[in-house]
Amino acid sequence: MKLSGLPVKTNKNVRQFESKNATLLQKAGFIDQTMAGVYAFLPLGWRVLTKIEQIVREEMDRIGVEVFMPAIVPTKLWETTGRLETVDVLMKAVPANASAALKNDAEYVLSSTHEEVVTPLVMKFNRSYRDFPFAVYQIQTKFRSEPRAKSGLLRCREFRMKDLYSFHVSEADLKKYYEIVKKAYLEVFRRLGLGDDTVVVLASGGDFTKDYSHEFQTRCDTGEDTVFRVPSSEVAFNREVAPAKAPPVTYRDTDMLPRKDVEGKGIIGVDELARFLKIPVEKTTKTLIFKADDGQIIVAAVRGGYDVSEVKLAKAAGVKSLRLTDPETVKQITGAQTGYAGILNLPDTVRVFIDESVGNRRNFETGANRTDFHSTNVNFGRDLPEPGRFYDIKVARPGDLFPDTGEPYEVFQACEVGNIFPLNTKFSTAFGYLFTDESGSTHPVYMGSYGIGTSRVMGVIVEKFSDDRGLVWPRAVAPFAAHLITLKGAEKRGAQVYRELTDSGIEILWDDREESAGVKFSDADLLGIPYRLVVSPKTGELVEIKLRTSSASELLSLGAVIKTIKADKE
RNA sequence: CGGGGUAUAGCGCAGUUGGUAGCGCGCAUCGUUCGGGACGAUGAGGUCGCCAGUUCGAGUCUGGCUACCCCGACCA
């Protein structure tokens with residue numbers, strides 16, 4: 001392809017965004033922002049995305065069959081599963097004006113995922129145990145009304161995703177296939193050049209399952225997830241579910257001191273409180289009061305500096321969901337206004353969950369359950385009974401220990417590039433998808449769903465591989481294998497080299513513009529194509545070849561250049 | 001959803017106490033350059049986000065809205 005033919009130019013002066021991918025991809029003319037979280041893919045960007053998706057397609061074709069489902073679907077399907085009301089990023093398409101409404105006043109869901117489409121689809125055809133297992137996948141545009149789109153391609157409202165759905169007669173068969181998908185995904189990320197930095201992470205199963213789901217997380221400082229990896233094993237957790245043991249407190253109190261109730265009006269929040277009481281934060285206790293979906297009141301306490309994990313707390317309490325209670329309920333339960341809740345003198349009617357980080361401390365602080373007052377030098381066994389058991393209901397933080405082995409976690413930021421879910425029978429039950437077994441009786445179908453965010457992967461690759469001069473594409477996803485620059489005085493030779501390279505099957509981008517050498521070189525760096533070839537009056541019958549990742553170039557014959565580039569293919 | 005910032009030429013930005021709008025890049029024409037974002041000359045290009053208001057007069061002041069960017073997500 002000739003660069004002069006591209007209807008897109010690089011832009012020397014684009015705005016600096018926080019994320020490299022947003023800045024560089026726009027500077028190099030790979031994408032263009034239409035609105036927050038919505039981008040047009042320009043010729044070079046589209047080629048990259050297509051390459052990423054082709055790799056995904058090749059690996060998915062080994063374990064499933066490609067289909068293409070609609071993006072706008074009837075709201076009824078989402079009513080059937082109850083998710084029309086619960087998925088908080090779901091968007092609708094509605095008539096834009098009165099005359100459109102007059103002709104067709106229907107509302108449609110803009111799909112954010114396709115369980116609601118694929119389940120009724122495949123149940124039309126597959127009802128016998130003989131039809132199972134099977135899996136279908138698609139690569140498609142998805143819509144999610146993110147409250148805050150950000151970081152270029154990493155968090156979009158409209159984005160590209162590969163979604164695979166599998167169907168099974170038993171949970172055991174689903175689990176077997178689930179492991180096959182896991183392997184296929186790791187192969188995808190290896191081929192995309194992300195293999196060394198992508199780990200399988202245990203995450204919350206959400207509504208679908210009590211078990212963990214699995215996320216594929218790529219190390220990336222711009223990523224929004226925090227991964228807690230156990231150094232001595234392959235186990236890693238998303239922060240939201242990482243089991244955590246707090247490190248021992250660092251202050252040393254040996255004797256119990258007399259308990260004091262200290263007036264501290266308006267002192268709310270552990271940092272302010274610790275300063276006010278002149279005690280370390282780790283001596284304070286944070287107490288939160290929740291109401292479960294079934295109405296029961298749940299009091300949760302963690303050591304100061306920690307946050308309560310609603311996911312862990314809900315699991316420990318055996319409830320579906322939790323919400324912080326309103327100030328009036330707080331007052332009823334603690335007898336104090338919001339801000340002074342503690343674990344002393346709580347009524348028997350509430351369930352109390354005390355995190356293990358609260359234990360093993362002498363003379364700690366807790367809210368006095370009395371407006372304006374905080375209790376200090378509190379001790380279990382004296383001021384309140386030793387709890388029957390301590391829980392793990394805190395959000396893990398760096399420095400925490402993996403409870404099973406006691407070793408500190410390795411903690412890093414990462415970006416979720418893939419996610420696999422055992423759906424079990426949630427959707428088959430909602431849609432009444434039953435299969436008939438050998439004996440003629442019917443059972444719900446077991447399902448799994450598996451996603452890879454292909455446009456997000458493109459952003460992650462930029463975050464990881466770019467440098468201060470521009471993009472650096474791994475060979476497998478680069479828009480072209482080589483970038484040919486012809487300098488003034490070598491136009492004829494350049495055209496000949498271009499033709500021969502093209503004929504040899506190498507994907508080549510030819511900068512045939514009448515620009516200065518400097519512009520061409522810096523654009524070549526910016527576009528980040530793996531090989532740079534230069535033909536100039538100086539190179540004669542030879543061609544200069546240089547890797548984007550290296551500063552050393554060499555002069556080779558055209559034949560040797562072709563050989564070198566071809567030999568490097570994956 | 002809460003907080004902060006921004007909105008002026010295709011892009012990035014400046015614009016003083018309110019007085020009729022500017023720079024750089026890019027674009028067009030000509031000339032000189034040509035292995036690391038070259039230079040000179042000339043030129044085109046703007047309802048200053050939208051709606052109200054104050055004023056003789058608003059890019060500038062006031063109110064409202066919208067969009068974009070950043071930070072934070074009920075933390076007792």
# chains A, B, ... in the order shown; residues from 1 in each chain; ligands from 1
>>> closest_atom_pairs(of="chain A", to="chain B", cutoff="6 Å", atoms="only C-alpha atoms (C1' of nucleotides)", output="CSV")
residue,atom,partner,partner_atom,distance
A:Asn13,CA,B:G12,C1',5.2
A:Val14,CA,B:G12,C1',6.0
A:Thr338,CA,B:A76,C1',5.0
A:Gly339,CA,B:A76,C1',3.7
A:Ser516,CA,B:C34,C1',5.6
A:Gly518,CA,B:G36,C1',4.3
A:Val519,CA,B:G37,C1',4.8
A:Phe521,CA,B:G36,C1',5.9
>>> residues_around(residues="stretch 228-230 of chain A", least_positions_apart="5", cutoff="7 Å", atoms="only C-alpha atoms (C1' of nucleotides)", output="compact mmCIF listing (two decimals) with N, CA, C and O atoms, in the first residue's frame")
# COMPACT_ATOMS: atom_id res chain seq x y z
N VAL A 235 -1.18 -19.27 41.20
CA VAL A 235 -2.46 -18.71 41.64
C VAL A 235 -2.40 -17.19 41.69
O VAL A 235 -1.43 -16.62 42.18
N ALA A 236 -3.43 -16.55 41.17
CA ALA A 236 -3.52 -15.10 41.27
C ALA A 236 -4.99 -14.72 41.42
O ALA A 236 -5.89 -15.45 40.98
N PHE A 237 -5.22 -13.60 42.08
CA PHE A 237 -6.58 -13.16 42.34
C PHE A 237 -6.78 -11.73 41.88
O PHE A 237 -5.86 -10.90 41.99
N ASN A 238 -7.99 -11.43 41.44
CA ASN A 238 -8.39 -10.04 41.30
C ASN A 238 -8.55 -9.49 42.71
O ASN A 238 -8.99 -10.19 43.61
N ARG A 239 -8.21 -8.23 42.88
CA ARG A 239 -8.28 -7.65 44.22
C ARG A 239 -9.64 -7.86 44.87
O ARG A 239 -9.74 -8.05 46.07
N ALA A 242 -9.42 -11.40 46.34
CA ALA A 242 -8.17 -11.95 46.89
C ALA A 242 -8.31 -12.20 48.39
O ALA A 242 -8.57 -11.27 49.15
N PHE A 402 -0.97 -14.02 51.59
CA PHE A 402 -1.87 -15.08 51.12
C PHE A 402 -2.09 -16.02 52.29
O PHE A 402 -1.14 -16.63 52.79
N TYR A 409 1.81 -11.25 48.93
CA TYR A 409 1.43 -11.26 47.53
C TYR A 409 2.38 -10.39 46.71
O TYR A 409 2.91 -9.39 47.21
N GLU A 410 2.53 -10.77 45.43
CA GLU A 410 3.08 -9.83 44.46
C GLU A 410 1.87 -9.08 43.89
O GLU A 410 0.90 -9.70 43.45
N VAL A 411 1.92 -7.75 43.94
CA VAL A 411 0.74 -6.97 43.55
C VAL A 411 1.09 -6.12 42.33
O VAL A 411 2.14 -5.47 42.31
N PHE A 412 0.25 -6.14 41.30
CA PHE A 412 0.52 -5.29 40.14
C PHE A 412 -0.78 -4.86 39.47
O PHE A 412 -1.81 -5.52 39.60
>>> residues_around(residues="B:G10", least_positions_apart="4", cutoff="12 Å", atoms="only C-alpha atoms (C1' of nucleotides)", output="JSON, numbers by chain")
{"A": [9, 11], "B": [25, 26, 27, 45, 46]}
>>> write_last_selection(atoms="N, CA and C atoms (P, O5', C5', C4', C3', O3' and C1' of nucleotides)", output="PDB file, in the first residue's frame")
ATOM      1  N   LYS A   9      -3.564  11.341   7.764  1.00  0.00           N
ATOM      2  CA  LYS A   9      -2.193  11.802   7.973  1.00  0.00           C
ATOM      3  C   LYS A   9      -1.822  11.716   9.441  1.00  0.00           C
ATOM      4  N   ASN A  11      -0.354  13.387  12.799  1.00  0.00           N
ATOM      5  CA  ASN A  11      -0.591  14.730  13.329  1.00  0.00           C
ATOM      6  C   ASN A  11       0.451  15.047  14.396  1.00  0.00           C
TER       7      ASN A  11
ATOM      8  P     C B  25       4.836  26.760  11.770  1.00  0.00           P
ATOM      9  O5'   C B  25       3.998  25.410  11.874  1.00  0.00           O
ATOM     10  C5'   C B  25       4.557  24.248  12.473  1.00  0.00           C
ATOM     11  C4'   C B  25       3.506  23.157  12.579  1.00  0.00           C
ATOM     12  C3'   C B  25       2.897  22.708  11.260  1.00  0.00           C
ATOM     13  O3'   C B  25       3.717  21.790  10.568  1.00  0.00           O
ATOM     14  C1'   C B  25       1.178  23.042  12.839  1.00  0.00           C
ATOM     15  P     G B  26       3.739  21.826   8.963  1.00  0.00           P
ATOM     16  O5'   G B  26       2.232  21.481   8.586  1.00  0.00           O
ATOM     17  C5'   G B  26       1.721  20.158   8.765  1.00  0.00           C
ATOM     18  C4'   G B  26       0.235  20.133   8.483  1.00  0.00           C
ATOM     19  C3'   G B  26      -0.171  20.592   7.089  1.00  0.00           C
ATOM     20  O3'   G B  26      -0.054  19.554   6.140  1.00  0.00           O
ATOM     21  C1'   G B  26      -1.530  21.673   8.685  1.00  0.00           C
ATOM     22  P     C B  27       0.365  19.921   4.655  1.00  0.00           P
ATOM     23  O5'   C B  27      -0.885  20.762   4.125  1.00  0.00           O
ATOM     24  C5'   C B  27      -2.167  20.157   4.016  1.00  0.00           C
ATOM     25  C4'   C B  27      -3.167  21.156   3.480  1.00  0.00           C
ATOM     26  C3'   C B  27      -2.715  21.907   2.237  1.00  0.00           C
ATOM     27  O3'   C B  27      -2.909  21.147   1.061  1.00  0.00           O
ATOM     28  C1'   C B  27      -3.607  23.443   3.790  1.00  0.00           C
ATOM     29  P     G B  45     -11.154  33.381   3.128  1.00  0.00           P
ATOM     30  O5'   G B  45     -11.108  32.230   4.237  1.00  0.00           O
ATOM     31  C5'   G B  45     -11.811  30.992   4.018  1.00  0.00           C
ATOM     32  C4'   G B  45     -11.393  29.996   5.062  1.00  0.00           C
ATOM     33  C3'   G B  45     -11.736  30.384   6.502  1.00  0.00           C
ATOM     34  O3'   G B  45     -13.067  30.016   6.812  1.00  0.00           O
ATOM     35  C1'   G B  45      -9.499  29.609   6.372  1.00  0.00           C
ATOM     36  P     G B  46     -14.108  31.125   7.256  1.00  0.00           P
ATOM     37  O5'   G B  46     -14.014  31.102   8.832  1.00  0.00           O
ATOM     38  C5'   G B  46     -13.971  29.879   9.591  1.00  0.00           C
ATOM     39  C4'   G B  46     -14.186  30.227  11.034  1.00  0.00           C
ATOM     40  C3'   G B  46     -15.378  31.136  11.264  1.00  0.00           C
ATOM     41  O3'   G B  46     -16.468  30.391  11.781  1.00  0.00           O
ATOM     42  C1'   G B  46     -13.420  31.830  12.495  1.00  0.00           C
TER      43        G B  46
END
>>> select_by_dssp(residues="stretch 401-516 of chain A", states="helix (DSSP H, G or I)", output="VMD selection string")
chain A and resid 426 to 431 454 to 465 491 to 503
>>> closest_residue(among="A:Ile485, A:Ile565, A:Met123, A:Ile63", to="A:Arg532", atoms="only C-alpha atoms")
A:Ile485
>>> closest_residue(among="A:Phe353, A:Phe68, A:Tyr498, A:Phe364", to="A:Leu484", atoms="only C-alpha atoms")
A:Tyr498
>>> select_by_dssp(residues="stretch 392-568 of chain A", states="strand (DSSP E or B)", output="ChimeraX atom specification")
/A:394,401,408,410-424,434-436,442-444,446-452,467,470,482-486,508-511,531-535,543-547,553-556
>>> residues_around(residues="A:Lys162", least_positions_apart="6", cutoff="6 Å", atoms="only C-alpha atoms (C1' of nucleotides)", output="list in words")
Gln138, Ile139, Gly451 and Ile452 of chain A
>>> write_last_selection(atoms="N, CA, C and O atoms", output="PDB file, in the first residue's frame")
ATOM      1  N   GLN A 138     -18.681 -15.247  18.001  1.00  0.00           N
ATOM      2  CA  GLN A 138     -18.755 -14.166  17.022  1.00  0.00           C
ATOM      3  C   GLN A 138     -17.740 -13.094  17.413  1.00  0.00           C
ATOM      4  O   GLN A 138     -17.276 -13.033  18.553  1.00  0.00           O
ATOM      5  N   ILE A 139     -17.408 -12.253  16.455  1.00  0.00           N
ATOM      6  CA  ILE A 139     -16.571 -11.084  16.709  1.00  0.00           C
ATOM      7  C   ILE A 139     -17.407  -9.888  16.300  1.00  0.00           C
ATOM      8  O   ILE A 139     -17.813  -9.792  15.137  1.00  0.00           O
ATOM      9  N   GLY A 451     -15.132 -14.254  26.763  1.00  0.00           N
ATOM     10  CA  GLY A 451     -14.945 -13.041  25.970  1.00  0.00           C
ATOM     11  C   GLY A 451     -13.487 -12.607  25.851  1.00  0.00           C
ATOM     12  O   GLY A 451     -12.673 -12.844  26.747  1.00  0.00           O
ATOM     13  N   ILE A 452     -13.188 -11.985  24.725  1.00  0.00           N
ATOM     14  CA  ILE A 452     -11.896 -11.307  24.555  1.00  0.00           C
ATOM     15  C   ILE A 452     -12.194  -9.937  23.956  1.00  0.00           C
ATOM     16  O   ILE A 452     -12.862  -9.849  22.915  1.00  0.00           O
TER      17      ILE A 452
END
>>> closest_residue(among="A:Asp348, A:Glu146, A:Glu18, A:Asp211", to="A:Phe421", atoms="only C-alpha atoms")
A:Asp211
>>> residues_around(residues="A:Arg144", least_positions_apart="2", cutoff="7 Å", atoms="only C-alpha atoms (C1' of nucleotides)", output="VMD selection string")
chain A and resid 89 to 91 112 142 146 157 to 158
>>> residues_around(residues="B:G3", least_positions_apart="4", cutoff="12 Å", atoms="only C-alpha atoms (C1' of nucleotides)", output="PyMOL selection string")
chain B and resi 70-73
>>> residues_around(residues="stretch 52-61 of chain B", least_positions_apart="2", cutoff="9 Å", atoms="only C-alpha atoms (C1' of nucleotides)", output="list in words")
U8, G15, G18, G19, A21, C48, G63 and G64 of chain B
>>> closest_atom_pairs(of="stretch 101-159 of chain A", to="stretch 35-45 of chain A", cutoff="8 Å", atoms="only C-alpha atoms", output="CSV")
residue,atom,partner,partner_atom,distance
A:Ala149,CA,A:Gly37,CA,4.9
A:Lys150,CA,A:Gly37,CA,6.5
A:Gly152,CA,A:Gly37,CA,7.0
A:Leu153,CA,A:Gly37,CA,7.4
A:Arg155,CA,A:Gly37,CA,6.6
A:Cys156,CA,A:Gly37,CA,4.0
A:Arg157,CA,A:Gly37,CA,4.9
A:Glu158,CA,A:Val38,CA,5.5
A:Phe159,CA,A:Val38,CA,7.5
>>> closest_residue(among="A:Val199, A:Leu121, A:Leu257, A:Leu322", to="A:Val417", atoms="only C-alpha atoms")
A:Val199
>>> decode(residues="stretch 150-171 of chain A", atoms="N, CA and C atoms", output="mmCIF file, in the first residue's frame")
data_model
loop_
_atom_site.group_PDB
_atom_site.id
_atom_site.type_symbol
_atom_site.label_atom_id
_atom_site.label_comp_id
_atom_site.auth_asym_id
_atom_site.auth_seq_id
_atom_site.Cartn_x
_atom_site.Cartn_y
_atom_site.Cartn_z
ATOM 1 N N LYS A 150 -12.693 5.982 29.399
ATOM 2 C CA LYS A 150 -11.377 6.585 29.579
ATOM 3 C C LYS A 150 -10.271 5.732 28.991
ATOM 4 N N SER A 151 -9.068 6.288 29.056
ATOM 5 C CA SER A 151 -7.859 5.582 28.634
ATOM 6 C C SER A 151 -7.953 5.032 27.214
ATOM 7 N N GLY A 152 -8.379 5.864 26.282
ATOM 8 C CA GLY A 152 -8.384 5.467 24.876
ATOM 9 C C GLY A 152 -9.214 4.229 24.637
ATOM 10 N N LEU A 153 -8.563 3.205 24.092
ATOM 11 C CA LEU A 153 -9.301 1.988 23.740
ATOM 12 C C LEU A 153 -9.527 1.075 24.941
ATOM 13 N N LEU A 154 -9.024 1.452 26.109
ATOM 14 C CA LEU A 154 -9.121 0.520 27.240
ATOM 15 C C LEU A 154 -10.513 0.480 27.849
ATOM 16 N N ARG A 155 -11.232 1.577 27.794
ATOM 17 C CA ARG A 155 -12.573 1.579 28.378
ATOM 18 C C ARG A 155 -13.494 2.388 27.475
ATOM 19 N N CYS A 156 -14.225 1.694 26.635
ATOM 20 C CA CYS A 156 -15.051 2.341 25.613
ATOM 21 C C CYS A 156 -16.531 2.061 25.811
ATOM 22 N N ARG A 157 -17.332 2.920 25.205
ATOM 23 C CA ARG A 157 -18.783 2.692 25.208
ATOM 24 C C ARG A 157 -19.183 1.814 24.027
ATOM 25 N N GLU A 158 -18.432 1.951 22.948
ATOM 26 C CA GLU A 158 -18.610 1.047 21.809
ATOM 27 C C GLU A 158 -17.262 0.396 21.564
ATOM 28 N N PHE A 159 -17.233 -0.912 21.526
ATOM 29 C CA PHE A 159 -15.942 -1.583 21.396
ATOM 30 C C PHE A 159 -16.127 -2.919 20.698
ATOM 31 N N ARG A 160 -15.022 -3.536 20.333
ATOM 32 C CA ARG A 160 -15.068 -4.817 19.642
ATOM 33 C C ARG A 160 -14.776 -5.941 20.624
ATOM 34 N N MET A 161 -15.517 -7.018 20.450
ATOM 35 C CA MET A 161 -15.328 -8.144 21.350
ATOM 36 C C MET A 161 -15.579 -9.449 20.615
ATOM 37 N N LYS A 162 -14.808 -10.445 21.006
ATOM 38 C CA LYS A 162 -15.084 -11.813 20.568
ATOM 39 C C LYS A 162 -15.824 -12.453 21.717
ATOM 40 N N ASP A 163 -17.017 -12.981 21.450
ATOM 41 C CA ASP A 163 -17.716 -13.711 22.508
ATOM 42 C C ASP A 163 -18.094 -15.109 22.048
ATOM 43 N N LEU A 164 -17.736 -16.051 22.909
ATOM 44 C CA LEU A 164 -17.947 -17.480 22.630
ATOM 45 C C LEU A 164 -18.921 -18.028 23.670
ATOM 46 N N TYR A 165 -19.824 -18.889 23.230
ATOM 47 C CA TYR A 165 -20.794 -19.507 24.143
ATOM 48 C C TYR A 165 -20.763 -21.013 23.940
ATOM 49 N N SER A 166 -20.701 -21.753 25.034
ATOM 50 C CA SER A 166 -20.661 -23.214 24.917
ATOM 51 C C SER A 166 -21.852 -23.834 25.626
ATOM 52 N N PHE A 167 -22.243 -25.024 25.164
ATOM 53 C CA PHE A 167 -23.469 -25.677 25.640
ATOM 54 C C PHE A 167 -23.171 -27.140 25.939
ATOM 55 N N HIS A 168 -23.650 -27.593 27.110
ATOM 56 C CA HIS A 168 -23.256 -28.914 27.604
ATOM 57 C C HIS A 168 -24.414 -29.613 28.308
ATOM 58 N N VAL A 169 -24.281 -30.934 28.386
ATOM 59 C CA VAL A 169 -25.328 -31.705 29.076
ATOM 60 C C VAL A 169 -25.046 -31.837 30.570
ATOM 61 N N SER A 170 -23.847 -31.486 30.992
ATOM 62 C CA SER A 170 -23.540 -31.641 32.415
ATOM 63 C C SER A 170 -22.530 -30.591 32.846
ATOM 64 N N GLU A 171 -22.483 -30.372 34.140
ATOM 65 C CA GLU A 171 -21.521 -29.436 34.678
ATOM 66 C C GLU A 171 -20.103 -29.956 34.445
#
